[in-house]
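S.K.: Input final04.txt, format and content: compact mmCIF, C-alpha atoms.
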```
# COMPACT_ATOMS: atom_id res chain seq x y z
CA MET A 22 -50.13 108.48 -52.44
CA GLU A 23 -51.64 110.76 -49.87
CA HIS A 24 -53.72 112.45 -52.45
CA ASN A 25 -57.10 113.96 -52.19
CA LYS A 26 -58.43 113.12 -55.61
CA LEU A 27 -61.05 115.79 -55.38
CA GLN A 28 -58.74 118.72 -55.01
CA GLY A 29 -55.30 117.37 -55.80
CA THR A 30 -54.06 118.22 -52.32
CA PRO A 31 -53.11 115.93 -49.42
CA LEU A 32 -55.86 114.70 -47.14
CA PRO A 33 -56.45 116.82 -44.05
CA HIS A 34 -54.69 115.43 -40.96
CA LEU A 35 -57.38 115.97 -38.35
CA TYR A 36 -60.37 113.67 -38.47
CA LEU A 37 -63.66 114.35 -36.70
CA ILE A 38 -66.16 111.52 -36.33
CA SER A 39 -69.72 112.41 -35.37
CA SER A 40 -70.84 111.50 -31.86
CA GLY A 41 -73.15 108.62 -32.74
CA GLN A 42 -75.76 110.37 -30.64
CA GLU A 43 -77.45 112.58 -33.19
CA ASN A 44 -81.12 112.86 -32.45
CA PRO A 45 -83.11 112.95 -35.68
CA ASP A 46 -85.45 115.53 -34.23
CA ASP A 47 -82.84 118.14 -33.43
CA GLY A 48 -79.60 116.64 -34.77
CA THR A 49 -77.57 119.66 -33.92
CA LEU A 50 -74.32 118.47 -32.32
CA LEU A 51 -72.66 117.66 -35.64
CA LEU A 52 -73.88 120.86 -37.26
CA GLU A 53 -72.71 122.83 -34.24
CA GLN A 54 -69.28 121.18 -34.50
CA LEU A 55 -69.08 121.91 -38.22
CA ASN A 56 -69.87 125.56 -37.64
CA LEU A 57 -67.16 125.77 -34.99
CA LEU A 58 -64.40 124.33 -37.17
CA PRO A 59 -61.60 126.91 -37.45
CA ARG A 60 -61.69 128.41 -40.94
CA THR A 61 -57.91 128.35 -41.33
CA LEU A 62 -57.56 124.57 -41.00
CA SER A 63 -59.03 121.69 -42.98
CA PHE A 64 -60.66 118.53 -41.63
CA MET A 65 -61.85 115.07 -42.45
CA VAL A 66 -65.39 114.69 -41.12
CA GLN A 67 -67.23 111.39 -40.94
CA ILE A 68 -70.96 111.13 -40.29
CA ARG A 69 -71.33 107.93 -38.28
CA GLU A 70 -74.80 107.62 -36.80
CA LYS A 71 -75.75 103.98 -36.85
CA GLN A 72 -78.91 104.59 -34.82
CA LEU A 73 -80.45 106.71 -37.59
CA ASN A 74 -82.48 105.23 -40.44
CA ALA A 75 -81.64 106.04 -44.05
CA LYS A 76 -84.21 108.80 -44.28
CA GLN A 77 -82.81 110.55 -41.20
CA LEU A 78 -79.25 109.98 -42.36
CA LEU A 79 -79.98 111.60 -45.70
CA THR A 80 -81.45 114.64 -43.96
CA LEU A 81 -78.42 114.93 -41.67
CA ALA A 82 -76.03 114.46 -44.60
CA LEU A 83 -77.79 117.15 -46.64
CA ASN A 84 -77.68 119.54 -43.68
CA ALA A 85 -74.01 118.82 -43.09
CA ARG A 86 -73.29 119.32 -46.79
CA ALA A 87 -75.10 122.66 -46.68
CA SER A 88 -72.94 123.86 -43.80
CA ASN A 89 -69.97 125.95 -44.69
CA LEU A 90 -66.93 123.70 -44.16
CA PRO A 91 -63.41 125.15 -44.12
CA VAL A 92 -61.68 125.01 -47.51
CA GLY A 93 -60.07 121.64 -48.24
CA SER A 94 -62.24 119.77 -45.75
CA LEU A 95 -63.79 116.47 -46.76
CA LEU A 96 -67.20 115.24 -45.68
CA LEU A 97 -67.66 111.47 -45.53
CA ILE A 98 -70.29 109.09 -44.27
CA ASN A 99 -69.99 105.70 -42.67
CA GLU A 100 -70.66 102.87 -45.14
CA ARG A 101 -73.69 104.25 -47.02
CA ILE A 102 -72.45 105.29 -50.46
CA ASP A 103 -76.07 105.80 -51.53
CA ILE A 104 -76.44 108.57 -48.95
CA ALA A 105 -73.03 109.95 -49.94
CA LEU A 106 -74.10 110.13 -53.58
CA ALA A 107 -77.52 111.59 -52.81
CA ALA A 108 -76.03 114.31 -50.58
CA ARG A 109 -72.95 114.88 -52.75
CA LEU A 110 -70.51 114.01 -49.99
CA ASP A 111 -66.81 113.56 -50.68
CA GLY A 112 -66.43 109.99 -49.57
CA VAL A 113 -67.35 106.92 -47.64
CA HIS A 114 -65.73 105.30 -44.65
CA LEU A 115 -66.00 101.53 -44.67
CA PRO A 116 -65.95 99.51 -41.45
CA GLU A 117 -64.31 96.09 -41.66
CA ASN A 118 -67.65 94.36 -42.13
CA ALA A 119 -68.78 96.60 -44.99
CA CYS A 120 -68.25 96.23 -48.73
CA PHE A 121 -64.70 96.79 -49.96
CA PRO A 122 -63.71 99.90 -51.93
CA ASP A 123 -63.41 97.93 -55.17
CA ASN A 124 -67.05 96.83 -54.81
CA LEU A 125 -68.07 100.49 -54.67
CA ARG A 126 -65.51 102.33 -56.77
CA PRO A 127 -67.45 101.78 -60.02
CA LEU A 128 -70.36 103.70 -58.50
CA ALA A 129 -68.30 106.76 -57.63
CA SER A 130 -64.84 106.90 -59.13
CA LYS A 131 -64.02 110.27 -57.60
CA MET A 132 -64.97 109.54 -54.03
CA ILE A 133 -62.55 109.07 -51.16
CA PHE A 134 -62.74 105.57 -49.68
CA GLY A 135 -61.42 104.95 -46.20
CA CYS A 136 -61.20 101.64 -44.41
CA SER A 137 -61.09 100.71 -40.76
CA VAL A 138 -58.30 98.22 -40.14
CA HIS A 139 -57.47 96.33 -37.00
CA SER A 140 -54.63 94.07 -38.13
CA PRO A 141 -51.92 93.75 -40.81
CA GLU A 142 -54.23 91.30 -42.62
CA SER A 143 -57.10 93.77 -42.89
CA LEU A 144 -54.59 96.48 -43.86
CA HIS A 145 -53.42 94.40 -46.84
CA ILE A 146 -57.01 93.72 -47.89
CA ALA A 147 -57.86 97.42 -47.72
CA GLU A 148 -54.73 98.38 -49.69
CA LYS A 149 -55.39 95.81 -52.39
CA SER A 150 -58.99 96.93 -52.60
CA GLY A 151 -57.97 100.50 -53.38
CA ALA A 152 -58.56 102.37 -50.13
CA ASP A 153 -57.40 105.97 -49.99
CA TYR A 154 -56.68 106.05 -46.27
CA LEU A 155 -56.94 103.86 -43.19
CA LEU A 156 -58.32 104.31 -39.70
CA PHE A 157 -56.57 102.23 -37.06
CA GLY A 158 -57.70 101.80 -33.51
CA PRO A 159 -58.55 101.89 -30.76
CA VAL A 160 -55.01 102.96 -29.88
CA PHE A 161 -55.89 103.87 -26.29
CA ASP A 162 -58.75 103.05 -23.96
CA THR A 163 -61.99 104.74 -24.98
CA PRO A 164 -65.51 104.34 -23.61
CA SER A 165 -67.06 103.86 -27.05
CA LYS A 166 -64.89 100.81 -27.85
CA ARG A 167 -64.53 99.18 -24.42
CA LYS A 168 -66.96 96.40 -25.28
CA TYR A 169 -64.56 95.13 -27.97
CA GLY A 170 -61.76 94.43 -25.48
CA ALA A 171 -58.35 95.92 -24.73
CA PRO A 172 -56.98 98.78 -26.84
CA GLN A 173 -54.45 97.99 -29.58
CA GLY A 174 -51.70 100.19 -28.16
CA LEU A 175 -48.96 102.36 -29.65
CA GLU A 176 -46.73 99.50 -30.67
CA LYS A 177 -49.35 98.01 -33.00
CA LEU A 178 -50.09 101.46 -34.37
CA GLY A 179 -46.40 101.80 -35.23
CA GLN A 180 -46.34 98.39 -36.87
CA ILE A 181 -49.34 99.28 -39.04
CA CYS A 182 -47.93 102.68 -39.98
CA ARG A 183 -44.58 101.17 -40.99
CA ILE A 184 -46.08 98.60 -43.36
CA SER A 185 -48.84 100.82 -44.73
CA THR A 186 -48.47 102.56 -48.08
CA LEU A 187 -51.56 104.64 -47.24
CA PRO A 188 -52.11 107.46 -44.73
CA VAL A 189 -53.08 106.00 -41.35
CA PHE A 190 -55.24 107.93 -38.93
CA ALA A 191 -54.91 106.89 -35.29
CA LEU A 192 -58.21 106.56 -33.45
CA GLY A 193 -59.36 105.75 -29.96
CA GLY A 194 -58.76 107.60 -26.72
CA ILE A 195 -56.41 110.08 -28.33
CA THR A 196 -55.92 113.33 -26.44
CA PRO A 197 -53.65 116.36 -26.83
CA GLU A 198 -51.47 114.67 -24.18
CA ASN A 199 -50.92 111.33 -25.94
CA GLY A 200 -51.43 112.42 -29.56
CA GLU A 201 -47.75 113.15 -30.16
CA PHE A 202 -46.87 109.52 -29.43
CA CYS A 203 -49.20 108.47 -32.27
CA MET A 204 -47.52 110.90 -34.63
CA ALA A 205 -44.12 109.61 -33.50
CA GLU A 206 -45.23 106.10 -34.48
CA GLY A 207 -45.83 107.30 -38.01
CA ALA A 208 -49.52 108.19 -37.98
CA TYR A 209 -50.62 110.52 -40.76
CA GLY A 210 -53.22 112.11 -38.57
CA ILE A 211 -55.46 111.90 -35.55
CA ALA A 212 -59.13 110.93 -35.43
CA GLY A 213 -61.52 111.41 -32.56
CA LEU A 214 -65.12 111.15 -31.51
CA SER A 215 -65.71 111.39 -27.76
CA ILE A 216 -63.15 114.12 -27.21
CA PHE A 217 -64.98 116.40 -29.63
CA LYS A 218 -68.37 116.09 -27.94
CA ASP A 219 -67.73 118.95 -25.53
CA THR A 220 -68.35 121.91 -27.79
CA SER A 221 -67.14 124.38 -25.15
CA ARG A 222 -63.61 122.95 -25.53
CA PHE A 223 -63.96 121.89 -29.17
CA VAL A 224 -61.92 124.60 -30.87
CA ASP A 225 -59.28 124.50 -28.15
CA THR A 226 -58.91 120.73 -28.54
CA LEU A 227 -58.63 120.99 -32.32
CA GLU A 228 -55.94 123.63 -32.06
CA GLN A 229 -53.98 121.56 -29.55
CA PHE A 230 -54.13 118.59 -31.91
CA TYR A 231 -53.04 120.77 -34.77
CA ARG A 232 -49.92 121.83 -32.87
CA ILE A 233 -49.08 118.16 -32.29
CA ILE A 234 -49.48 117.29 -35.96
CA PHE A 235 -47.48 120.31 -37.13
CA PRO A 236 -45.10 121.00 -34.25
CA MET B 16 -90.13 95.04 -65.66
CA ILE B 17 -92.86 94.18 -63.20
CA PRO B 18 -94.68 91.05 -64.44
CA SER B 19 -98.02 91.79 -66.11
CA SER B 20 -99.74 88.66 -64.84
CA PRO B 21 -100.28 87.91 -61.11
CA PHE B 22 -96.97 87.08 -59.48
CA LEU B 23 -95.40 85.95 -56.25
CA CYS B 24 -92.76 87.97 -54.42
CA VAL B 25 -90.86 86.09 -51.73
CA ILE B 26 -89.11 88.13 -49.06
CA THR B 27 -86.21 86.47 -47.27
CA ASP B 28 -86.70 85.51 -43.64
CA GLU B 29 -84.02 86.65 -41.18
CA SER B 30 -84.07 83.26 -39.48
CA PHE B 31 -82.87 81.37 -42.55
CA CYS B 32 -80.10 81.70 -45.11
CA PRO B 33 -81.48 84.16 -47.68
CA VAL B 34 -79.74 82.43 -50.58
CA THR B 35 -81.35 79.09 -49.71
CA ILE B 36 -84.80 80.65 -49.33
CA ALA B 37 -84.37 82.53 -52.60
CA GLU B 38 -83.35 79.45 -54.53
CA LEU B 39 -86.25 77.38 -53.17
CA ALA B 40 -88.71 80.18 -53.89
CA LEU B 41 -87.39 80.56 -57.44
CA LYS B 42 -87.73 76.81 -58.03
CA GLY B 43 -91.33 77.17 -56.94
CA GLY B 44 -91.93 79.93 -59.47
CA ALA B 45 -91.52 83.18 -57.53
CA ALA B 46 -91.12 86.03 -60.00
CA MET B 47 -89.57 88.45 -57.51
CA ILE B 48 -87.17 87.96 -54.62
CA GLN B 49 -86.65 90.65 -52.03
CA LEU B 50 -83.53 90.42 -49.87
CA ARG B 51 -84.46 91.84 -46.52
CA HIS B 52 -82.10 91.53 -43.59
CA LYS B 53 -81.92 94.38 -41.12
CA SER B 54 -79.14 93.01 -38.92
CA ALA B 55 -76.63 91.71 -41.47
CA SER B 56 -73.39 93.57 -42.16
CA GLY B 57 -72.78 95.31 -45.47
CA SER B 58 -70.25 92.74 -46.64
CA GLN B 59 -72.60 89.88 -45.76
CA LEU B 60 -75.49 91.54 -47.57
CA PHE B 61 -73.33 92.20 -50.58
CA SER B 62 -72.22 88.60 -50.92
CA TRP B 63 -75.78 87.29 -50.49
CA ALA B 64 -76.96 89.87 -53.02
CA VAL B 65 -74.47 88.76 -55.67
CA GLU B 66 -75.50 85.13 -55.22
CA ILE B 67 -79.23 85.84 -55.29
CA ARG B 68 -78.82 88.16 -58.26
CA ASN B 69 -77.16 85.35 -60.19
CA LEU B 70 -79.94 82.93 -59.24
CA CYS B 71 -82.61 85.41 -60.29
CA ARG B 72 -80.93 85.87 -63.67
CA ILE B 73 -81.04 82.11 -64.21
CA TYR B 74 -84.72 81.92 -63.24
CA ARG B 75 -85.59 85.17 -65.04
CA ALA B 76 -86.96 86.66 -61.85
CA LEU B 77 -86.55 90.14 -60.43
CA PHE B 78 -84.17 90.78 -57.58
CA ILE B 79 -84.97 93.60 -55.17
CA ILE B 80 -83.09 94.69 -52.03
CA ASN B 81 -84.81 96.19 -49.01
CA ASP B 82 -83.59 99.60 -47.83
CA ARG B 83 -79.95 99.32 -48.93
CA VAL B 84 -79.74 101.30 -52.16
CA ASP B 85 -75.94 101.11 -51.80
CA ILE B 86 -75.93 97.31 -51.86
CA ALA B 87 -78.45 97.25 -54.71
CA MET B 88 -76.18 99.51 -56.78
CA ALA B 89 -73.02 97.58 -55.94
CA SER B 90 -74.57 94.17 -56.64
CA GLU B 91 -76.48 95.31 -59.72
CA ALA B 92 -79.82 94.22 -58.35
CA ASP B 93 -82.94 94.97 -60.37
CA GLY B 94 -84.13 97.44 -57.78
CA VAL B 95 -84.85 98.41 -54.21
CA HIS B 96 -87.76 98.24 -51.86
CA LEU B 97 -88.05 101.28 -49.62
CA GLY B 98 -89.94 101.57 -46.36
CA GLN B 99 -91.24 104.84 -45.01
CA GLN B 100 -88.06 105.16 -42.90
CA ASP B 101 -85.72 104.58 -45.82
CA MET B 102 -84.33 106.88 -48.47
CA PRO B 103 -87.20 108.72 -50.20
CA ALA B 104 -88.10 107.26 -53.60
CA ASN B 105 -87.27 110.44 -55.50
CA ALA B 106 -83.73 110.50 -54.09
CA ALA B 107 -83.31 106.81 -54.88
CA ARG B 108 -84.55 107.42 -58.43
CA THR B 109 -81.80 109.96 -59.05
CA LEU B 110 -79.23 107.34 -58.05
CA LEU B 111 -80.78 104.33 -59.76
CA GLY B 112 -82.09 105.83 -62.99
CA LYS B 113 -85.26 104.95 -64.84
CA GLU B 114 -84.45 101.34 -65.61
CA ARG B 115 -84.15 100.12 -62.06
CA ILE B 116 -87.26 99.21 -60.05
CA ILE B 117 -88.24 101.15 -56.95
CA GLY B 118 -90.91 99.72 -54.70
CA VAL B 119 -92.30 101.60 -51.72
CA SER B 120 -94.09 100.24 -48.66
CA ALA B 121 -97.39 101.92 -47.94
CA SER B 122 -99.59 101.14 -44.98
CA SER B 123 -102.33 103.60 -45.85
CA PHE B 124 -104.03 105.03 -48.90
CA GLU B 125 -102.23 108.36 -48.33
CA GLU B 126 -98.81 106.73 -48.26
CA ALA B 127 -99.65 104.84 -51.44
CA LEU B 128 -100.66 108.05 -53.20
CA GLN B 129 -97.47 109.73 -52.04
CA ALA B 130 -95.39 106.80 -53.30
CA GLU B 131 -97.03 107.16 -56.70
CA LYS B 132 -96.21 110.88 -56.69
CA ASP B 133 -92.60 110.16 -55.69
CA GLY B 134 -92.14 108.01 -58.76
CA ALA B 135 -92.31 104.50 -57.34
CA ASP B 136 -92.71 101.59 -59.77
CA TYR B 137 -94.84 99.48 -57.46
CA ILE B 138 -96.38 99.71 -54.03
CA GLY B 139 -96.05 97.12 -51.30
CA PHE B 140 -99.42 97.57 -49.63
CA GLY B 141 -100.18 96.18 -46.21
CA HIS B 142 -100.47 94.61 -43.94
CA ILE B 143 -103.72 93.28 -45.36
CA TYR B 144 -104.22 90.55 -42.74
CA PRO B 145 -102.77 90.14 -39.26
CA THR B 146 -99.14 89.04 -39.45
CA PHE B 147 -96.48 87.89 -37.03
CA SER B 148 -93.52 88.38 -39.34
CA LYS B 149 -93.24 92.01 -38.38
CA GLU B 150 -94.33 94.08 -35.41
CA LYS B 151 -97.18 96.30 -36.50
CA GLY B 152 -98.58 99.24 -34.63
CA PHE B 153 -101.88 99.47 -36.46
CA PRO B 154 -104.80 97.21 -37.45
CA PRO B 155 -104.73 95.30 -40.77
CA LEU B 156 -105.99 97.18 -43.82
CA GLY B 157 -108.17 94.32 -44.96
CA THR B 158 -109.42 93.66 -48.48
CA GLU B 159 -111.46 96.89 -48.32
CA GLY B 160 -108.24 98.87 -47.96
CA LEU B 161 -106.73 96.99 -50.89
CA LEU B 162 -109.83 97.48 -53.09
CA ASN B 163 -109.78 101.18 -52.37
CA ALA B 164 -106.06 101.58 -53.14
CA ALA B 165 -106.32 99.51 -56.31
CA ALA B 166 -109.23 101.64 -57.53
CA PHE B 167 -107.39 104.93 -57.19
CA ILE B 168 -103.76 104.02 -57.81
CA SER B 169 -102.45 103.13 -61.22
CA LEU B 170 -99.20 101.53 -60.06
CA PRO B 171 -98.94 97.78 -59.56
CA ILE B 172 -99.80 96.90 -55.98
CA ILE B 173 -98.20 93.99 -54.20
CA ALA B 174 -100.35 92.88 -51.28
CA ILE B 175 -98.43 91.90 -48.16
CA GLY B 176 -99.17 90.83 -44.62
CA GLY B 177 -100.74 87.54 -43.63
CA VAL B 178 -100.85 86.28 -47.22
CA CYS B 179 -101.38 82.50 -47.46
CA LEU B 180 -102.70 79.89 -49.84
CA ASP B 181 -106.29 80.48 -48.69
CA ASN B 182 -106.39 84.21 -49.35
CA ALA B 183 -103.82 84.84 -52.15
CA ALA B 184 -106.34 84.53 -54.99
CA THR B 185 -108.77 86.87 -53.22
CA LEU B 186 -106.08 89.54 -53.09
CA ILE B 187 -105.59 89.32 -56.84
CA SER B 188 -109.38 89.64 -57.32
CA CYS B 189 -109.24 92.76 -55.15
CA GLY B 190 -106.83 94.37 -57.57
CA ALA B 191 -103.37 93.34 -56.40
CA SER B 192 -100.85 92.69 -59.17
CA GLY B 193 -98.95 90.34 -56.95
CA VAL B 194 -98.63 89.02 -53.44
CA ALA B 195 -95.62 89.07 -51.13
CA VAL B 196 -94.91 86.52 -48.43
CA ILE B 197 -92.24 85.73 -45.91
CA SER B 198 -93.33 82.96 -43.57
CA ALA B 199 -95.86 81.37 -45.95
CA VAL B 200 -92.83 80.13 -47.89
CA SER B 201 -89.95 80.10 -45.42
CA ARG B 202 -91.74 78.51 -42.46
CA THR B 203 -92.99 75.45 -44.25
CA ASP B 204 -91.58 71.95 -44.59
CA ASP B 205 -91.20 72.44 -48.33
CA PRO B 206 -90.69 76.12 -49.25
CA SER B 207 -90.40 75.34 -52.94
CA ARG B 208 -93.72 73.57 -52.96
CA ALA B 209 -95.33 76.30 -50.84
CA ALA B 210 -94.19 78.84 -53.43
CA SER B 211 -95.47 76.81 -56.37
CA GLU B 212 -98.86 76.34 -54.69
CA LEU B 213 -99.15 80.09 -54.13
CA VAL B 214 -98.18 80.74 -57.74
CA ALA B 215 -100.78 78.23 -58.94
CA ALA B 216 -103.45 79.83 -56.76
CA ILE B 217 -102.92 83.35 -58.11
CA LYS B 218 -102.44 82.30 -61.75
CA TRP B 219 -105.52 80.12 -61.71
CA LYS B 220 -107.66 82.94 -60.43
CA ASN B 221 -106.51 85.11 -63.28
CA SER B 222 -107.10 82.61 -66.10
```
Take the structure in the file and give it back as structure tokens.

M.R.:
Amino acid sequence: MEHNKLQGTPLPHLYLISSGQENPDDGTLLLEQLNLLPRTLSFMVQIREKQLNAKQLLTLALNARASNLPVGSLLLINERIDIALAARLDGVHLPENACFPDNLRPLASKMIFGCSVHSPESLHIAEKSGADYLLFGPVFDTPSKRKYGAPQGLEKLGQICRISTLPVFALGGITPENGEFCMAEGAYGIAGLSIFKDTSRFVDTLEQFYRIIFP
Amino acid sequence: MIPSSPFLCVITDESFCPVTIAELALKGGAAMIQLRHKSASGSQLFSWAVEIRNLCRIYRALFIINDRVDIAMASEADGVHLGQQDMPANAARTLLGKERIIGVSASSFEEALQAEKDGADYIGFGHIYPTFSKEKGFPPLGTEGLLNAAAFISLPIIAIGGVCLDNAATLISCGASGVAVISAVSRTDDPSRAASELVAAIKWKNS
């Protein structure tokens, strides 16, 4: 079930989401992060830059694709399967208000489709629609999601992980300190955005997460 | 294919239900519907697109989606309309193939030429007249701009921007293959009738 259809290996367990602050004129944070990724590990990477127009997104996606990702890593983009196809990315991550995987699967049978879920109901919809993995959050308090209300908490993460037949990545306010609690609740992996913005601590943070996932 | 006689393209208005506008416009004889909604979610766009696509099939009209090549592919629309900030036409062509229609917005002669080079199937040229439907940072191109573009560009040109019943026929005389409207259909008491009057105006001029 936890299969990466592209390479026949399990999905990577660490999931990097782009900052949402890429500036089309320099657009370097993501590329800097990609270049810093430790070569010995593999990663899920999602380009999620809602402030960019499609032209800018395509440029960023092509640049990201041209960067040398560690073996086994998967490069995805938020929602836009057209950009994913044009830049030969590995998959698409679908927010809850996007199309479902079964709407898009005919366009790209080999792509990875991930779905954001926030409840058991949306989990069932995503599973039925043929998602390959799920993102659940925000587990903890995080500045980028504060406007949507209180975090979901560990208990709900555990509930989702127990009923899910798909790999669940925990997202939202996850740090090397609290990450092990997510894994203990049955998470497949850890996803982050804000915590990866500080490139001076980027590699350190990734390695700490890695030790939590594979203690 | 793009109609060979003068035609009306109706672009959906963000203030109204796109499916309702599309159906009324089709009843009035619009030959092309463009779904344009910058703030709607992907799932919302997709469900509108499927409904409008079905309507367009019934009325034998073309269904085009603005910007979202992904939604156009998923909903099997007839094509996309791309602005200068959207995916470049040549990239979209690789995804959509030769059969699907790609329109490109051009607000200058240079952009229109580039669109032709990039393999567009038609050019949305404007704004010709002042318009309040969209914020514009430059003066209208006027009929001189349209005449000039039509003289040098072989692709069908759809004139847009401030099109109304009084000027639609003039735009066809200036070389436009069709005219595109938003508010001239949506912001009327009877959108279907507004569409049919526009269609009559441009067809009459041509006959």

S.K.: Could you list, as JSON, numbers by chain, every residue within 10 Å of Arg109 (chain A), counting only C-alpha atoms and ignoring same-chain residues fewer than 6 positions away?

M.R.: {"A": [82, 83, 86, 96, 97, 102, 103, 132]}

S.K.: Would you list the contacts of Ala216 (chain B) as a PyMOL selection string, taking every protein, DNA or RNA residue within 9 Å and counting all atoms listed in the file, but skipping same-chain residues closer than 3 positions in sequence?

M.R.: chain B and resi 180-181+183-184+211-213+219-221

S.K.: Compile the contact shell of Ser137 (chain A) as a PyMOL selection string: residues with an atom at most 9 Å away, counting all atoms listed in the file, same-chain residues fewer than 3 positions apart removed.

M.R.: chain A and resi 114-117+143-144+147+154-158

S.K.: Taking (-82.2, 96.9, -55.9) in the file's own coordinates, collect the residues within 12 Å, counting only C-alpha atoms, and hand them back as an MDAnalysis selection string.

M.R.: (chainID A and resid 103) or (chainID B and resid 47:51 60:61 64:65 67:68 77:97 107:108 110:112 114:119)

S.K.: CA of Leu170 (chain B) and CA of Gly44 (chain B), how far apart in Å?

M.R.: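 Calculated distance between CA of Gly44 (chain B) and CA of Leu170 (chain B) is 22.8 Å.
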
S.K.: Give me the residues near region 186-188 of chain B as a list in words, where near means some atom within 10 Å (using all atoms listed in the file) and where sequence neighbours in that chain fewer than 6 positions away do not count.

M.R.: Ser20, Pro21, Phe22, Ile143, Gly157, Thr158, Leu161, Leu162, Ile172, Ile173, Ala174, Ile175, Val178, Val194, Ala216, Ile217, Lys218, Lys220 and Asn221 of chain B

S.K.: Extract, using all atoms listed in the file, all DNA, RNA and protein residues at most 12 Å from Ser30 (chain B), discarding same-chain residues fewer than 3 positions from it, and format them as a PDB file with C-alpha atoms, keeping the file's coordinate frame.

M.R.:
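Result file follows (out-v9.pdb):
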```pdb
ATOM      1  CA  ILE B  26     -89.110  88.130 -49.060  1.00  0.00           C
ATOM      2  CA  THR B  27     -86.210  86.470 -47.270  1.00  0.00           C
ATOM      3  CA  PRO B  33     -81.480  84.160 -47.680  1.00  0.00           C
ATOM      4  CA  VAL B  34     -79.740  82.430 -50.580  1.00  0.00           C
ATOM      5  CA  THR B  35     -81.350  79.090 -49.710  1.00  0.00           C
ATOM      6  CA  ILE B  36     -84.800  80.650 -49.330  1.00  0.00           C
ATOM      7  CA  ARG B  51     -84.460  91.840 -46.520  1.00  0.00           C
ATOM      8  CA  HIS B  52     -82.100  91.530 -43.590  1.00  0.00           C
ATOM      9  CA  LYS B  53     -81.920  94.380 -41.120  1.00  0.00           C
ATOM     10  CA  SER B  54     -79.140  93.010 -38.920  1.00  0.00           C
ATOM     11  CA  ALA B  55     -76.630  91.710 -41.470  1.00  0.00           C
ATOM     12  CA  SER B 148     -93.520  88.380 -39.340  1.00  0.00           C
ATOM     13  CA  ILE B 197     -92.240  85.730 -45.910  1.00  0.00           C
ATOM     14  CA  SER B 198     -93.330  82.960 -43.570  1.00  0.00           C
ATOM     15  CA  SER B 201     -89.950  80.100 -45.420  1.00  0.00           C
ATOM     16  CA  ARG B 202     -91.740  78.510 -42.460  1.00  0.00           C
TER      17      ARG B 202
END
```

S.K.: Mind giving me the straight-line distance from CA of Pro122 (chain A) to CA of Leu106 (chain A) in Å, one decimal?

M.R.: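 Going from CA of Pro122 (chain A) over to CA of Leu106 (chain A), I get 14.7 Å.
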
S.K.: Give as a list of chain:residue names each residue that has an atom at most 9 Å from (-104.6, 88.5, -42.1) in the file, counting all atoms listed in the file.

M.R.: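 Checking each residue against the 9 Å limit leaves B:His142, B:Ile143, B:Tyr144, B:Pro145, B:Thr146, B:Pro155, B:Leu156, B:Gly157, B:Gly176, B:Gly177, B:Val178, B:Cys179, B:Asn182.
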